Amino acid sequence: MNDRIRRLVIEHARLAIAPADLHDDSDLYACGMTSHASVTLMLAVEEDLDLEFPDRLLTREVFSSIASIATAADGLRAVAGP
Amino acid sequence: MSASAPPRIPALSAIGRDIGVRVAAPHAEDVDRNARFPIEAIDALRAAGALAAGIPTAFGGPGHPLGDIARTCFELGRSCASTGMIFAMHQVQVLTLARHAEPGGRIAAHLERIAAEQRLVASVTSEIGTGGDLGRSMAPVIRRPGGVSFEKRAPTVSYGATADDFLVTLRRAPESEPGDQVAVLISRDQVQLEPAGEWDTFGMRGTCSPGFTVRGRCDSAQVLPVPFSQVAAVSMTPLSHVLWSHVWLGIATDAFDRARECVRTATRRDPDQARTAALRLSQLSCELSPMRSVVAAGLADLEAVPEGDPSSLETLASALRFNTLKLVASTQAPDICRGAMEVCGISGYRNDTAFSIGRHLRDAMSASLMIANDRIHTTDAGLLLVAKEV
């Protein structure tokens, strides 16, 4: 999951750092992701994983790192079943 | 709870009403004409202990609930919009500080001083080069032996020349991205303010908000521990939009009251002649009433957030809700003032009658520009794409 999110982050988050410097727990906002770019990323993740984040998970905190997005997405998939 | 916490002011908003009518209103025209700070009204609020209203008892304040403070903003806004807006902005800063200060820390100690001395707190959030985006900073916090320093060029600092303390947004460090911000609480004796221009504006002239280059040097414990993005999301933005909208409702309400008085006077003189104005007034009340509802609903939304758990404020849905409050109220207020002027006719257009609406209209026109509505619409346009229940 982390790799899949990483690919989407690199494509959509418009970070100010090189992909090689991006870690799973890097703070994406500190890496230059604007709130506008975060919305694009949210849409891309929902599209790619074919899931919908409920409002309670659409927070700055959830979208602050690859790891936290992956955790939230995994949680949603576990609830939805295989 | 601090033993020295002052008692709550009974009926804070009634005191706001009294100070508004007795002190702010008589000076409002002079404040507006000369673009001067409404010193009489702010002094009266200070003497009444109202500047500390939002500071919780744990930090030595009276801990008035948000609703009391919002209604005081409304009452002051009815008499002098600049006074109301200064009070609102100050309360936003102290409520924000109270929510994010670590108990026992340096900022908590300074809050107690703000409460005890009724200090006035301004914010330095705007910056040249950020295009009006408060979520980005250019000037960084510079760590140095014994503390931190900064130099920020702000295009507007409301009541900057009068404030006792400043809440300044900065980039976390010289190597940080513009969106990686922190807020610093710094007192007047720790800053050097170099004025940059005058405050000669269309309205809100008494807020005295010219530009300044702000140079500061302080203890590193004066940097708020939480990222500013979080401070903005759970405190500053929703509080600003709720309290500002109460000031704007105050302006619109006074404009409406003047129009009503104008129609009454005209009806006494000649009921037939006044019929059209009376009809227009009735139509105008159908604009004031929804504005009241929107503003009250915004306050209720924020009051419903549990005291110890502001997490719901971090959702995009919450950001949308409080942005919408700002967009709607800031559009309604000048519309209502314009409608009131049409009811009053030439006596509303004149600056020297009991029915003058010019100042109200000019003051209300600031609402859509302070944090530009276009910027908020752009943000909301994105949020609407992903938020589920709006």
# chains A, B, ... in the order shown; residues from 1 in each chain; ligands from 1

call {"tool": "residues_around", "arguments": {"residues": "Ile357 in chain B", "least_positions_apart": "6", "cutoff": "8 Å", "atoms": "only C-alpha atoms", "output": "short mmCIF file (atom, residue, chain, number, x, y, z; two decimals) with C-alpha atoms, in the first residue's frame"}}
result
data_model
loop_
_atom_site.label_atom_id
_atom_site.label_comp_id
_atom_site.auth_asym_id
_atom_site.auth_seq_id
_atom_site.Cartn_x
_atom_site.Cartn_y
_atom_site.Cartn_z
CA ALA B 255 -28.07 50.31 9.08
CA ARG B 258 -31.57 53.68 10.86
CA CYS B 337 -26.38 48.47 4.09
CA ALA B 340 -30.88 50.59 3.93
CA MET B 341 -29.44 53.52 2.03
CA GLY B 348 -29.03 58.10 4.05
CA TYR B 349 -26.56 59.24 1.43
CA ARG B 350 -25.69 62.41 3.32
CA ASN B 351 -23.01 62.14 5.99
#

call {"tool": "closest_atom_pairs", "arguments": {"of": "chain A", "to": "chain B", "cutoff": "12 Å", "atoms": "only C-alpha atoms", "output": "Markdown table"}}
result
| residue | atom | partner | partner_atom | distance |
| --- | --- | --- | --- | --- |
| A:Leu15 | CA | B:Glu177 | CA | 9.8 |
| A:Ala16 | CA | B:Glu177 | CA | 8.0 |
| A:Ile17 | CA | B:Glu177 | CA | 10.0 |
| A:Asp27 | CA | B:Asp180 | CA | 9.6 |
| A:Leu28 | CA | B:Asp180 | CA | 9.8 |
| A:Tyr29 | CA | B:Gly179 | CA | 6.6 |
| A:Ala30 | CA | B:Asp180 | CA | 5.0 |
| A:Cys31 | CA | B:Glu177 | CA | 6.4 |
| A:Gly32 | CA | B:Glu177 | CA | 5.5 |
| A:Met33 | CA | B:Gly179 | CA | 7.8 |
| A:Thr34 | CA | B:Gly179 | CA | 7.0 |
| A:Ser35 | CA | B:Thr379 | CA | 8.0 |
| A:His36 | CA | B:Gly382 | CA | 6.6 |
| A:Ala37 | CA | B:Gly382 | CA | 9.3 |
| A:Ser38 | CA | B:Gly382 | CA | 9.3 |
| A:Val39 | CA | B:Gly382 | CA | 6.1 |
| A:Thr40 | CA | B:Gly382 | CA | 8.0 |
| A:Leu41 | CA | B:Val386 | CA | 10.0 |
| A:Met42 | CA | B:Val386 | CA | 7.1 |
| A:Leu43 | CA | B:Val386 | CA | 6.5 |
| A:Ala44 | CA | B:Val386 | CA | 10.3 |
| A:Val45 | CA | B:Val386 | CA | 10.9 |
| A:Glu46 | CA | B:Val386 | CA | 9.1 |
| A:Glu47 | CA | B:Val386 | CA | 11.1 |
| A:Leu51 | CA | B:Val386 | CA | 11.9 |
| A:Glu52 | CA | B:Lys388 | CA | 8.7 |
| A:Phe53 | CA | B:Lys388 | CA | 8.2 |
| A:Pro54 | CA | B:Lys388 | CA | 6.5 |
| A:Asp55 | CA | B:Lys388 | CA | 5.9 |
| A:Arg56 | CA | B:Thr315 | CA | 6.1 |
| A:Leu57 | CA | B:Thr315 | CA | 7.3 |
| A:Leu58 | CA | B:Thr315 | CA | 5.6 |
| A:Thr59 | CA | B:Thr315 | CA | 4.6 |
| A:Arg60 | CA | B:Glu314 | CA | 6.7 |
| A:Glu61 | CA | B:Glu314 | CA | 8.0 |
| A:Val62 | CA | B:Thr315 | CA | 9.8 |
| A:Phe63 | CA | B:Thr315 | CA | 11.0 |
| A:Ser64 | CA | B:Ser229 | CA | 11.4 |

call {"tool": "select_by_dssp", "arguments": {"residues": "range 178-239 of chain B", "states": "helix (DSSP H, G or I)", "output": "list in words"}}
result
Arg188, Asp189, Gln190, Arg205, Gly206, Thr207, Ser220, Ala221, Gln222, Phe228, Ser229, Gln230, Val231, Ala232, Ala233, Val234, Ser235, Met236, Thr237, Pro238 and Leu239 of chain B

call {"tool": "residues_around", "arguments": {"residues": "Ala80 in chain A", "least_positions_apart": "2", "cutoff": "12 Å", "atoms": "only C-alpha atoms", "output": "list in words"}}
result
Asp50, Leu51, Glu52, Phe53, Ala73, Asp74, Gly75, Leu76, Arg77, Ala78 and Pro82 of chain A

call {"tool": "residues_around", "arguments": {"residues": "Arg144 in chain B", "least_positions_apart": "5", "cutoff": "10 Å", "atoms": "only C-alpha atoms", "output": "list in words"}}
result
Ser149, Arg217, Cys218, Asp219 and Ser220 of chain B

call {"tool": "atom_distance", "arguments": {"atom1": "CA of Asn34 in chain B", "atom2": "CA of Gly250 in chain B"}}
result
21.9 Å

call {"tool": "closest_residue", "arguments": {"among": "B:Glu303, B:Pro155, B:Leu134, B:Arg78", "to": "Met236 in chain B", "atoms": "only C-alpha atoms"}}
result
B:Leu134

call {"tool": "atom_distance", "arguments": {"atom1": "CA of Gly61 in chain B", "atom2": "CA of Ala25 in chain B"}}
result
27.3 Å

call {"tool": "atom_distance", "arguments": {"atom1": "CA of Leu51 in chain B", "atom2": "CA of Arg119 in chain B"}}
result
7.2 Å

call {"tool": "closest_residue", "arguments": {"among": "B:Val94, B:Leu167, B:Ala35, B:Ala367", "to": "Pro210 in chain B", "atoms": "only C-alpha atoms"}}
result
B:Ala35

call {"tool": "residues_around", "arguments": {"residues": "Ser235 in chain B", "least_positions_apart": "5", "cutoff": "10 Å", "atoms": "only C-alpha atoms", "output": "list of chain:residue names"}}
result
B:Val92, B:Gln93, B:Leu95, B:Thr96, B:Leu97, B:Ala98, B:Arg99, B:His100, B:Phe228, B:Ser229, B:Gln230, B:Ser240, B:Leu302, B:Pro310, B:Leu313, B:Glu314

call {"tool": "write_last_selection", "arguments": {"atoms": "N, CA and C atoms", "output": "PDB file, in the first residue's frame"}}
result
ATOM      1  N   VAL B  92     -10.023  36.843  19.150  1.00  0.00           N
ATOM      2  CA  VAL B  92      -9.547  35.694  18.366  1.00  0.00           C
ATOM      3  C   VAL B  92      -8.140  35.317  18.820  1.00  0.00           C
ATOM      4  N   GLN B  93      -7.291  36.324  19.012  1.00  0.00           N
ATOM      5  CA  GLN B  93      -5.909  36.019  19.417  1.00  0.00           C
ATOM      6  C   GLN B  93      -5.875  35.375  20.811  1.00  0.00           C
ATOM      7  N   LEU B  95      -8.288  33.822  22.527  1.00  0.00           N
ATOM      8  CA  LEU B  95      -8.927  32.492  22.555  1.00  0.00           C
ATOM      9  C   LEU B  95      -8.015  31.456  21.900  1.00  0.00           C
ATOM     10  N   THR B  96      -7.354  31.870  20.818  1.00  0.00           N
ATOM     11  CA  THR B  96      -6.420  30.978  20.127  1.00  0.00           C
ATOM     12  C   THR B  96      -5.254  30.616  21.047  1.00  0.00           C
ATOM     13  N   LEU B  97      -4.675  31.611  21.682  1.00  0.00           N
ATOM     14  CA  LEU B  97      -3.553  31.364  22.589  1.00  0.00           C
ATOM     15  C   LEU B  97      -3.965  30.430  23.726  1.00  0.00           C
ATOM     16  N   ALA B  98      -5.158  30.686  24.267  1.00  0.00           N
ATOM     17  CA  ALA B  98      -5.620  29.880  25.397  1.00  0.00           C
ATOM     18  C   ALA B  98      -5.792  28.420  24.997  1.00  0.00           C
ATOM     19  N   ARG B  99      -6.197  28.176  23.755  1.00  0.00           N
ATOM     20  CA  ARG B  99      -6.408  26.797  23.311  1.00  0.00           C
ATOM     21  C   ARG B  99      -5.104  26.053  23.096  1.00  0.00           C
ATOM     22  N   HIS B 100      -4.043  26.770  22.755  1.00  0.00           N
ATOM     23  CA  HIS B 100      -2.824  26.074  22.345  1.00  0.00           C
ATOM     24  C   HIS B 100      -1.636  26.245  23.289  1.00  0.00           C
ATOM     25  N   PHE B 228       1.309  25.981  13.028  1.00  0.00           N
ATOM     26  CA  PHE B 228       0.289  27.006  12.814  1.00  0.00           C
ATOM     27  C   PHE B 228      -0.868  26.479  11.967  1.00  0.00           C
ATOM     28  N   SER B 229      -0.582  25.534  11.067  1.00  0.00           N
ATOM     29  CA  SER B 229      -1.659  24.996  10.225  1.00  0.00           C
ATOM     30  C   SER B 229      -2.780  24.442  11.105  1.00  0.00           C
ATOM     31  N   GLN B 230      -2.398  23.802  12.194  1.00  0.00           N
ATOM     32  CA  GLN B 230      -3.396  23.249  13.104  1.00  0.00           C
ATOM     33  C   GLN B 230      -4.085  24.359  13.907  1.00  0.00           C
ATOM     34  N   SER B 240     -12.306  33.473  13.895  1.00  0.00           N
ATOM     35  CA  SER B 240     -12.364  34.721  13.127  1.00  0.00           C
ATOM     36  C   SER B 240     -13.688  34.829  12.384  1.00  0.00           C
ATOM     37  N   LEU B 302     -19.855  26.213  16.188  1.00  0.00           N
ATOM     38  CA  LEU B 302     -18.581  26.260  16.903  1.00  0.00           C
ATOM     39  C   LEU B 302     -18.778  25.942  18.389  1.00  0.00           C
ATOM     40  N   PRO B 310     -11.149  19.168  19.763  1.00  0.00           N
ATOM     41  CA  PRO B 310     -11.465  19.973  18.582  1.00  0.00           C
ATOM     42  C   PRO B 310     -11.262  19.230  17.259  1.00  0.00           C
ATOM     43  N   LEU B 313     -13.002  19.929  14.007  1.00  0.00           N
ATOM     44  CA  LEU B 313     -12.679  21.161  13.296  1.00  0.00           C
ATOM     45  C   LEU B 313     -11.567  20.957  12.265  1.00  0.00           C
ATOM     46  N   GLU B 314     -10.896  19.805  12.354  1.00  0.00           N
ATOM     47  CA  GLU B 314      -9.804  19.558  11.419  1.00  0.00           C
ATOM     48  C   GLU B 314     -10.274  18.938  10.114  1.00  0.00           C
TER      49      GLU B 314
END

call {"tool": "decode", "arguments": {"residues": "range 181-218 of chain B", "atoms": "N, CA and C atoms", "output": "short mmCIF file (atom, residue, chain, number, x, y, z; two decimals), in the first residue's frame"}}
result
data_model
loop_
_atom_site.label_atom_id
_atom_site.label_comp_id
_atom_site.auth_asym_id
_atom_site.auth_seq_id
_atom_site.Cartn_x
_atom_site.Cartn_y
_atom_site.Cartn_z
N GLN B 181 4.55 26.52 9.00
CA GLN B 181 4.57 27.73 9.82
C GLN B 181 4.43 27.46 11.31
N VAL B 182 4.91 28.44 12.08
CA VAL B 182 4.65 28.47 13.52
C VAL B 182 4.16 29.87 13.87
N ALA B 183 3.59 30.02 15.07
CA ALA B 183 3.17 31.34 15.55
C ALA B 183 3.98 31.68 16.80
N VAL B 184 4.37 32.96 16.87
CA VAL B 184 5.17 33.43 17.99
C VAL B 184 4.39 34.52 18.71
N LEU B 185 4.29 34.44 20.04
CA LEU B 185 3.66 35.50 20.83
C LEU B 185 4.77 36.38 21.39
N ILE B 186 4.73 37.65 21.00
CA ILE B 186 5.84 38.53 21.38
C ILE B 186 5.27 39.85 21.90
N SER B 187 5.89 40.41 22.92
CA SER B 187 5.35 41.63 23.50
C SER B 187 6.04 42.86 22.90
N ARG B 188 5.38 43.99 23.09
CA ARG B 188 5.83 45.23 22.44
C ARG B 188 7.28 45.58 22.75
N ASP B 189 7.71 45.32 23.99
CA ASP B 189 9.09 45.68 24.34
C ASP B 189 10.11 44.72 23.71
N GLN B 190 9.62 43.69 23.02
CA GLN B 190 10.54 42.77 22.34
C GLN B 190 10.56 42.98 20.83
N VAL B 191 9.75 43.91 20.34
CA VAL B 191 9.71 44.15 18.90
C VAL B 191 10.06 45.59 18.55
N GLN B 192 10.49 45.72 17.31
CA GLN B 192 10.72 47.04 16.75
C GLN B 192 9.77 47.14 15.57
N LEU B 193 8.94 48.17 15.57
CA LEU B 193 7.94 48.32 14.50
C LEU B 193 8.33 49.49 13.61
N GLU B 194 8.62 49.18 12.36
CA GLU B 194 8.96 50.26 11.42
C GLU B 194 7.76 50.47 10.51
N PRO B 195 7.07 51.61 10.64
CA PRO B 195 5.86 51.83 9.84
C PRO B 195 6.18 51.82 8.35
N ALA B 196 5.27 51.26 7.57
CA ALA B 196 5.40 51.25 6.11
C ALA B 196 4.10 51.75 5.52
N GLY B 197 3.97 53.06 5.45
CA GLY B 197 2.78 53.64 4.82
C GLY B 197 1.69 54.00 5.80
N GLU B 198 0.63 54.58 5.23
CA GLU B 198 -0.49 55.08 6.02
C GLU B 198 -1.66 54.10 5.96
N TRP B 199 -2.66 54.33 6.80
CA TRP B 199 -3.90 53.57 6.72
C TRP B 199 -5.00 54.56 6.33
N ASP B 200 -5.11 54.80 5.03
CA ASP B 200 -6.12 55.72 4.53
C ASP B 200 -7.03 54.92 3.61
N THR B 201 -8.11 54.39 4.16
CA THR B 201 -8.93 53.41 3.44
C THR B 201 -10.36 53.88 3.28
N PHE B 202 -11.11 53.11 2.52
CA PHE B 202 -12.52 53.36 2.23
C PHE B 202 -13.35 53.20 3.52
N GLY B 203 -13.07 52.15 4.27
CA GLY B 203 -13.83 51.90 5.50
C GLY B 203 -12.94 51.25 6.55
N MET B 204 -13.56 50.87 7.68
CA MET B 204 -12.82 50.28 8.81
C MET B 204 -11.58 51.12 9.12
N ARG B 205 -11.79 52.43 9.07
CA ARG B 205 -10.65 53.35 9.17
C ARG B 205 -10.07 53.39 10.58
N GLY B 206 -10.93 53.12 11.58
CA GLY B 206 -10.47 53.18 12.96
C GLY B 206 -9.66 51.97 13.40
N THR B 207 -9.61 50.92 12.55
CA THR B 207 -8.80 49.77 12.94
C THR B 207 -7.31 50.09 12.81
N CYS B 208 -7.00 51.19 12.12
CA CYS B 208 -5.62 51.66 11.99
C CYS B 208 -4.67 50.50 11.66
N SER B 209 -4.76 50.02 10.43
CA SER B 209 -4.05 48.80 10.04
C SER B 209 -3.00 49.01 8.95
N PRO B 210 -2.07 49.94 9.13
CA PRO B 210 -1.06 50.14 8.09
C PRO B 210 -0.04 49.00 8.10
N GLY B 211 0.87 49.05 7.14
CA GLY B 211 1.92 48.04 7.10
C GLY B 211 3.04 48.36 8.08
N PHE B 212 3.76 47.33 8.48
CA PHE B 212 4.92 47.50 9.35
C PHE B 212 5.98 46.47 8.96
N THR B 213 7.23 46.85 9.11
CA THR B 213 8.27 45.84 9.17
C THR B 213 8.46 45.54 10.65
N VAL B 214 8.25 44.28 11.01
CA VAL B 214 8.29 43.89 12.42
C VAL B 214 9.56 43.10 12.67
N ARG B 215 10.42 43.63 13.53
CA ARG B 215 11.63 42.89 13.90
C ARG B 215 11.50 42.48 15.36
N GLY B 216 11.70 41.20 15.63
CA GLY B 216 11.51 40.72 16.99
C GLY B 216 12.64 39.82 17.45
N ARG B 217 12.79 39.76 18.74
CA ARG B 217 13.81 38.94 19.38
C ARG B 217 13.19 38.47 20.70
N CYS B 218 13.13 37.17 20.89
CA CYS B 218 12.48 36.70 22.11
C CYS B 218 12.96 35.30 22.49
#
